[in-house]
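Participant: You'll find start31.csv just under this line, and it carries CSV, C-alpha atoms.
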```
chain,number,residue,atom,x,y,z
A,1,MET,CA,2.0,17.5,18.7
A,2,THR,CA,4.5,14.7,17.9
A,3,ASP,CA,7.5,15.7,15.8
A,4,THR,CA,7.5,13.1,13.0
A,5,ASN,CA,11.0,14.1,11.9
A,6,ALA,CA,12.3,13.3,15.4
A,7,LEU,CA,10.3,10.1,15.5
A,8,THR,CA,11.6,9.1,12.1
A,9,ILE,CA,15.2,9.5,13.3
A,10,ALA,CA,14.5,7.6,16.5
A,11,ASN,CA,12.8,4.7,14.6
A,12,ALA,CA,15.8,4.5,12.2
A,13,LYS,CA,18.2,4.2,15.2
A,14,ARG,CA,16.0,1.6,16.8
A,15,TRP,CA,15.9,-0.4,13.5
A,16,ALA,CA,19.7,-0.4,13.3
A,17,ALA,CA,20.0,-1.6,16.8
A,18,ALA,CA,17.0,-4.0,17.0
A,19,ARG,CA,17.3,-7.7,17.3
A,20,VAL,CA,14.3,-10.0,16.8
A,21,THR,CA,13.4,-11.9,20.0
A,22,ARG,CA,10.5,-14.1,18.7
A,23,ASP,CA,10.5,-16.6,15.8
A,24,VAL,CA,8.2,-15.1,13.2
A,25,SER,CA,9.7,-16.9,10.2
A,26,ALA,CA,6.5,-18.8,9.5
A,27,ILE,CA,4.4,-15.6,9.5
A,28,ALA,CA,7.0,-13.9,7.3
A,29,ARG,CA,6.8,-16.7,4.8
A,30,ALA,CA,3.1,-16.4,4.6
A,31,LEU,CA,3.3,-12.7,4.1
A,32,VAL,CA,5.9,-13.0,1.3
A,33,LYS,CA,3.9,-15.8,-0.3
A,34,ALA,CA,1.0,-13.3,-0.8
A,35,ARG,CA,3.1,-10.5,-2.2
A,36,GLU,CA,1.2,-10.5,-5.6
A,37,ARG,CA,-2.0,-9.6,-3.8
A,38,TYR,CA,-0.3,-6.9,-1.9
A,39,ARG,CA,1.4,-5.6,-5.0
A,40,THR,CA,-2.1,-5.1,-6.6
A,41,VAL,CA,-2.9,-2.7,-3.8
A,42,GLU,CA,0.6,-1.1,-4.0
A,43,GLY,CA,-0.1,-0.4,-7.7
A,44,ARG,CA,-3.2,1.6,-6.7
A,45,THR,CA,-1.9,3.4,-3.7
A,46,GLY,CA,1.9,3.7,-3.9
A,47,VAL,CA,2.3,2.1,-0.5
A,48,PRO,CA,5.1,-0.6,-0.6
A,49,TRP,CA,3.7,-4.1,-0.6
A,50,ALA,CA,5.7,-5.2,2.4
A,51,ILE,CA,4.2,-2.3,4.5
A,52,ILE,CA,0.7,-3.4,3.4
A,53,ALA,CA,1.6,-7.0,4.4
A,54,VAL,CA,2.7,-6.2,8.0
A,55,ILE,CA,-0.4,-3.9,8.5
A,56,HIS,CA,-2.5,-6.8,7.3
A,57,MET,CA,-0.9,-9.0,9.9
A,58,ARG,CA,-1.3,-6.6,12.7
A,59,GLU,CA,-4.9,-5.6,12.0
A,60,SER,CA,-6.4,-9.0,11.2
A,61,SER,CA,-3.7,-11.8,11.4
A,62,GLN,CA,-3.6,-11.8,7.6
A,63,SER,CA,-7.3,-12.7,7.3
A,64,TRP,CA,-8.5,-12.1,3.7
A,65,THR,CA,-12.1,-11.6,5.0
A,66,ARG,CA,-11.3,-8.6,7.1
A,67,SER,CA,-10.4,-5.0,6.3
A,68,LEU,CA,-6.9,-3.5,6.4
A,69,ALA,CA,-8.3,-0.5,8.1
A,70,GLN,CA,-9.3,-2.0,11.5
A,71,GLY,CA,-9.9,-5.8,11.1
A,72,ASP,CA,-13.7,-5.6,10.7
A,73,PRO,CA,-15.3,-7.8,8.0
A,74,PHE,CA,-14.8,-6.0,4.7
A,75,ASP,CA,-18.3,-7.0,3.4
A,76,GLN,CA,-20.0,-5.2,6.3
A,77,VAL,CA,-20.1,-1.6,7.5
A,78,SER,CA,-17.2,-1.2,10.0
A,79,VAL,CA,-18.0,-0.5,13.6
A,80,HIS,CA,-14.4,0.0,14.9
A,81,VAL,CA,-12.3,3.1,14.1
A,82,PRO,CA,-12.4,4.0,11.3
A,83,ALA,CA,-16.1,3.3,11.6
A,84,GLY,CA,-18.7,3.5,8.8
A,85,ARG,CA,-16.4,2.2,6.0
A,86,GLY,CA,-17.8,-0.3,3.5
A,87,PRO,CA,-19.2,-2.7,2.7
A,88,PHE,CA,-16.7,-3.5,0.0
A,89,LYS,CA,-16.7,-6.1,-2.7
A,90,SER,CA,-13.2,-7.5,-2.1
A,91,TRP,CA,-10.3,-7.4,0.3
A,92,GLU,CA,-8.4,-5.3,-2.2
A,93,GLU,CA,-11.1,-2.7,-2.5
A,94,ALA,CA,-11.3,-2.4,1.2
A,95,ALA,CA,-7.5,-2.1,1.5
A,96,ILE,CA,-7.3,0.6,-1.1
A,97,ASP,CA,-10.0,2.6,0.8
A,98,ALA,CA,-8.0,2.2,4.1
A,99,LEU,CA,-4.8,3.5,2.6
A,100,VAL,CA,-6.3,6.3,0.5
A,101,ASN,CA,-9.2,7.6,2.5
A,102,CYS,CA,-8.5,6.8,6.1
A,103,ALA,CA,-6.0,8.3,8.6
A,104,PRO,CA,-3.1,8.4,8.5
A,105,HIS,CA,-3.7,8.4,4.7
A,106,ALA,CA,-0.7,6.2,3.9
A,107,ALA,CA,-1.1,6.7,0.1
A,108,ARG,CA,0.0,10.3,0.7
A,109,TRP,CA,3.1,9.4,2.6
A,110,LYS,CA,6.4,10.1,0.8
A,111,ASP,CA,9.2,9.0,3.1
A,112,TRP,CA,9.8,5.3,2.5
A,113,SER,CA,13.1,5.2,4.2
A,114,ILE,CA,13.1,2.6,7.0
A,115,GLY,CA,12.7,5.3,9.6
A,116,GLY,CA,9.9,6.9,7.6
A,117,ALA,CA,8.1,3.6,6.9
A,118,LEU,CA,8.2,2.7,10.6
A,119,THR,CA,6.9,6.1,11.5
A,120,LEU,CA,4.0,5.7,9.1
A,121,LEU,CA,3.2,2.3,10.7
A,122,GLU,CA,3.3,3.9,14.1
A,123,GLN,CA,0.9,6.6,13.0
A,124,TYR,CA,-1.4,3.8,11.6
A,125,ASN,CA,-1.9,2.6,15.1
A,126,GLY,CA,-1.7,6.0,16.8
A,127,LEU,CA,0.9,8.2,18.3
A,128,GLY,CA,0.0,7.6,22.0
A,129,TYR,CA,3.3,5.7,22.6
A,130,ALA,CA,5.4,8.4,21.0
A,131,ARG,CA,3.8,11.0,23.2
A,132,ARG,CA,4.8,8.9,26.2
A,133,GLY,CA,8.3,8.5,24.8
A,134,VAL,CA,8.2,4.7,24.7
A,135,PRO,CA,8.5,2.3,21.7
A,136,SER,CA,5.3,1.4,20.1
A,137,PRO,CA,4.5,-2.4,20.4
A,138,TYR,CA,2.7,-2.1,17.0
A,139,VAL,CA,6.1,-1.6,15.6
A,140,TRP,CA,8.6,-3.1,18.1
A,141,ALA,CA,6.9,-6.0,19.9
A,142,GLY,CA,9.0,-9.1,19.3
A,143,THR,CA,12.3,-7.2,19.3
A,144,ASP,CA,14.7,-6.1,22.0
A,145,GLN,CA,13.5,-2.6,21.6
A,146,TYR,CA,10.2,-3.4,23.4
A,147,ARG,CA,9.6,-4.9,26.8
A,148,ALA,CA,6.2,-3.9,28.1
A,149,GLY,CA,3.5,-1.2,27.9
A,150,LYS,CA,0.3,-1.3,25.9
A,151,TYR,CA,-3.0,0.5,25.4
A,152,VAL,CA,-5.4,-2.2,26.6
A,153,ARG,CA,-8.3,-0.2,25.3
A,154,ASP,CA,-9.0,3.3,24.0
A,155,GLY,CA,-7.2,5.8,26.2
A,156,VAL,CA,-6.2,3.3,28.8
A,157,TYR,CA,-2.4,2.6,29.0
A,158,ASP,CA,-1.1,-0.3,31.1
A,159,PRO,CA,2.7,-0.1,31.6
A,160,GLN,CA,2.9,-3.7,32.6
A,161,ALA,CA,0.8,-5.2,29.8
A,162,VAL,CA,2.8,-7.0,27.0
A,163,ASP,CA,1.8,-7.1,23.4
A,164,ARG,CA,1.9,-10.7,22.3
A,165,GLN,CA,1.4,-10.0,18.6
A,166,PRO,CA,4.6,-9.7,16.5
A,167,GLY,CA,5.4,-6.1,15.7
A,168,CYS,CA,6.0,-4.7,12.2
A,169,ALA,CA,9.7,-4.2,12.5
A,170,GLY,CA,10.4,-7.8,13.4
A,171,LEU,CA,8.2,-9.0,10.7
A,172,LEU,CA,9.9,-6.7,8.1
A,173,LYS,CA,13.3,-8.0,9.2
A,174,ALA,CA,12.2,-11.6,8.8
A,175,MET,CA,10.6,-10.9,5.4
A,176,MET,CA,13.7,-9.2,4.2
A,177,ALA,CA,15.7,-12.3,5.1
A,178,ILE,CA,13.4,-14.3,2.8
A,179,ASP,CA,13.0,-11.8,0.0
A,180,PRO,CA,16.1,-9.6,-0.5
A,181,THR,CA,14.2,-7.4,-3.0
A,182,ILE,CA,12.4,-5.7,-0.1
A,183,SER,CA,14.3,-2.5,0.4
A,184,PHE,CA,13.8,1.1,1.6
A,185,THR,CA,14.9,4.4,0.2
A,186,ASP,CA,17.2,7.0,1.9
A,187,ALA,CA,15.6,9.2,4.5
A,188,VAL,CA,13.5,12.2,3.4
A,189,LEU,CA,13.0,14.6,6.3
A,190,THR,CA,10.8,17.6,6.1
A,191,PRO,CA,13.0,20.7,6.5
A,192,VAL,CA,12.0,23.3,9.0
A,193,ALA,CA,11.4,26.6,7.2
A,194,ALA,CA,13.8,29.4,8.1
A,195,ALA,CA,12.3,32.6,9.4
A,196,GLU,CA,11.9,35.1,6.6
A,197,PRO,CA,14.2,38.1,7.1
A,198,THR,CA,12.5,41.3,8.2
A,199,ARG,CA,12.3,43.8,5.3
A,200,PRO,CA,13.6,47.3,6.0
A,201,SER,CA,10.9,49.9,6.6
A,202,VAL,CA,10.3,53.4,8.0
A,203,THR,CA,10.0,51.9,11.5
A,204,ASN,CA,12.7,49.3,10.9
A,205,PRO,CA,15.4,50.9,8.6
A,206,ALA,CA,18.3,48.9,7.3
A,207,LYS,CA,21.5,49.1,9.4
A,208,GLY,CA,23.9,51.8,8.0
A,209,SER,CA,21.3,53.5,5.9
A,210,ILE,CA,20.3,57.2,5.9
A,211,GLY,CA,17.0,56.2,7.4
A,212,ALA,CA,18.9,54.5,10.3
A,213,PHE,CA,21.0,57.7,10.8
A,214,ILE,CA,17.9,59.9,11.0
A,215,ALA,CA,16.2,57.5,13.3
A,216,SER,CA,19.1,57.6,15.7
A,217,ILE,CA,18.9,61.4,15.8
A,218,PHE,CA,15.2,61.4,16.6
A,219,ASN,CA,15.8,58.7,19.3
A,220,ALA,CA,18.6,60.8,20.9
A,221,ILE,CA,16.3,64.0,21.0
A,222,PHE,CA,13.3,62.2,22.5
A,223,LYS,CA,15.4,60.4,25.1
A,224,ARG,CA,16.7,63.7,26.4
A,225,LYS,CA,13.1,65.0,27.0
```
What would the structure in this file look like if it were written as structure tokens?

Facilitator:
Amino acid sequence: MTDTNALTIANAKRWAAARVTRDVSAIARALVKARERYRTVEGRTGVPWAIIAVIHMRESSQSWTRSLAQGDPFDQVSVHVPAGRGPFKSWEEAAIDALVNCAPHAARWKDWSIGGALTLLEQYNGLGYARRGVPSPYVWAGTDQYRAGKYVRDGVYDPQAVDRQPGCAGLLKAMMAIDPTISFTDAVLTPVAAAEPTRPSVTNPAKGSIGAFIASIFNAIFKRK
């Protein structure tokens, strides 16, 4: 099981170090230009519009006829994972369904720090890359954090294949250069619960108590037998 806290920290560090290696300015302008449509979906899901925009680009090259969930036509029942969704009346309706009802249930995500946002995006595509300990091209293609390695089909990883689509991180950096209102919150990591202290009992008396003194006498007697 992937540690999402560790992945969030790793993605935040990669973001700080990343340099864009492909010119994605034209794509970024098109995504920013459509922000009002994305904001409509943000208002219904709580997912930041810029995150919706880069998912839209990755899943369907920003086609308004295809679902945010997997790039299938939104007015037909989807055949790719998640399959069986739709048909929907509009792109917005399909997008809301994808973010609310389909894994990784982005509408439930709470950590919109940059590391958290990138981790949500990685989960949207799947955590196979994280389990291999390599940067996900879904996030990092088009930056110096990614060189090669790609799942060319379900369950088949080719370490030499190169993802030619721009990744979400590079797109976000280019969008932020155009629209400075795009920002991310501070990190919100899920704390690991501390083990609950053991309560004193007859079999486990508190140190220094009368019970502990009596227990030591019994232990000494039985050890001599």

Participant: Any idea what's packed within 10 Å of region 56-58 of chain A, counting all atoms listed in the file, ignoring anything in its chain fewer than 3 positions away? Could you give it as a list in words?

Facilitator: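 Selected residues are Ile27, Ala28, Ala30, Leu31, Tyr38, Ala50, Ile51, Ile52, Ala53, Ser61, Gln62, Ser63, Trp64, Arg66, Ser67, Leu68, Ala69, Gln70, Gly71, Ala95, Asn125, Tyr138, Val139, Gln165, Pro166, Gly167, Cys168 and Leu171 of chain A.
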
Participant: Which residue out of A:Leu121, A:Ile178, A:Ile96, A:Val81 has the minimum interatomic distance to Trp109 (chain A) when only C-alpha atoms are used?

Facilitator: A:Leu121

Participant: Here is a test: counting all atoms listed in the file, which residue of A:Gly170, A:Asp154, A:Ala177, A:Gly115 is nearest to Ile9 (chain A)?

Facilitator: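 The closest residue to Ile9 (chain A) is A:Gly115.
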
Participant: To one decimal in Å, tell me the separation between CA of Arg37 (chain A) and CA of Leu99 (chain A).

Facilitator: 14.8 Å

Participant: Which residue gives the smallest distance to His105 (chain A) among A:Gly128, A:Gln123, A:Arg19, A:Glu93, with all atoms listed in the file counted?

Facilitator: A:Gln123

Participant: Between A:Trp91, A:Val41, A:Tyr129, A:Glu59, which is the closest to Val156 (chain A) once you count only C-alpha atoms?

Facilitator: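 Counting only C-alpha atoms, the residue closest to Val156 (chain A) is A:Tyr129.
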
Participant: How many Å lie between CA of Leu120 (chain A) and CA of Asp75 (chain A), rounded to one decimal?

Facilitator: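 These atoms are spaced 26.3 Å apart.
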
Participant: Taking only C-alpha atoms into account, which of A:Ile114, A:Lys13, A:Ala161, A:Arg44 comes nearest Asp97 (chain A)?

Facilitator: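 Nearest candidate to Asp97 (chain A) out of A:Ile114, A:Lys13, A:Ala161, A:Arg44: A:Arg44.
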
Participant: Given the choices A:Ala107, A:Pro48, A:Thr40, A:Gln160, which gets closest to Thr185 (chain A) if the distance is worked out from all atoms listed in the file?

Facilitator: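 Among the listed residues, A:Pro48 lies closest to Thr185 (chain A).
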
Participant: Just how far from CA of Met175 (chain A) is CA of Ala12 (chain A), in Å to one decimal?

Facilitator: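 Computed distance, CA of Ala12 (chain A) to CA of Met175 (chain A), equals 17.6 Å.
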
Participant: Residues at most 12 Å from Arg131 (chain A), counting all atoms listed in the file, excluding those fewer than 2 positions away in the same chain, as a VMD selection string?

Facilitator: chain A and resid 1 to 4 6 to 7 122 to 123 126 to 129 133 to 136 157
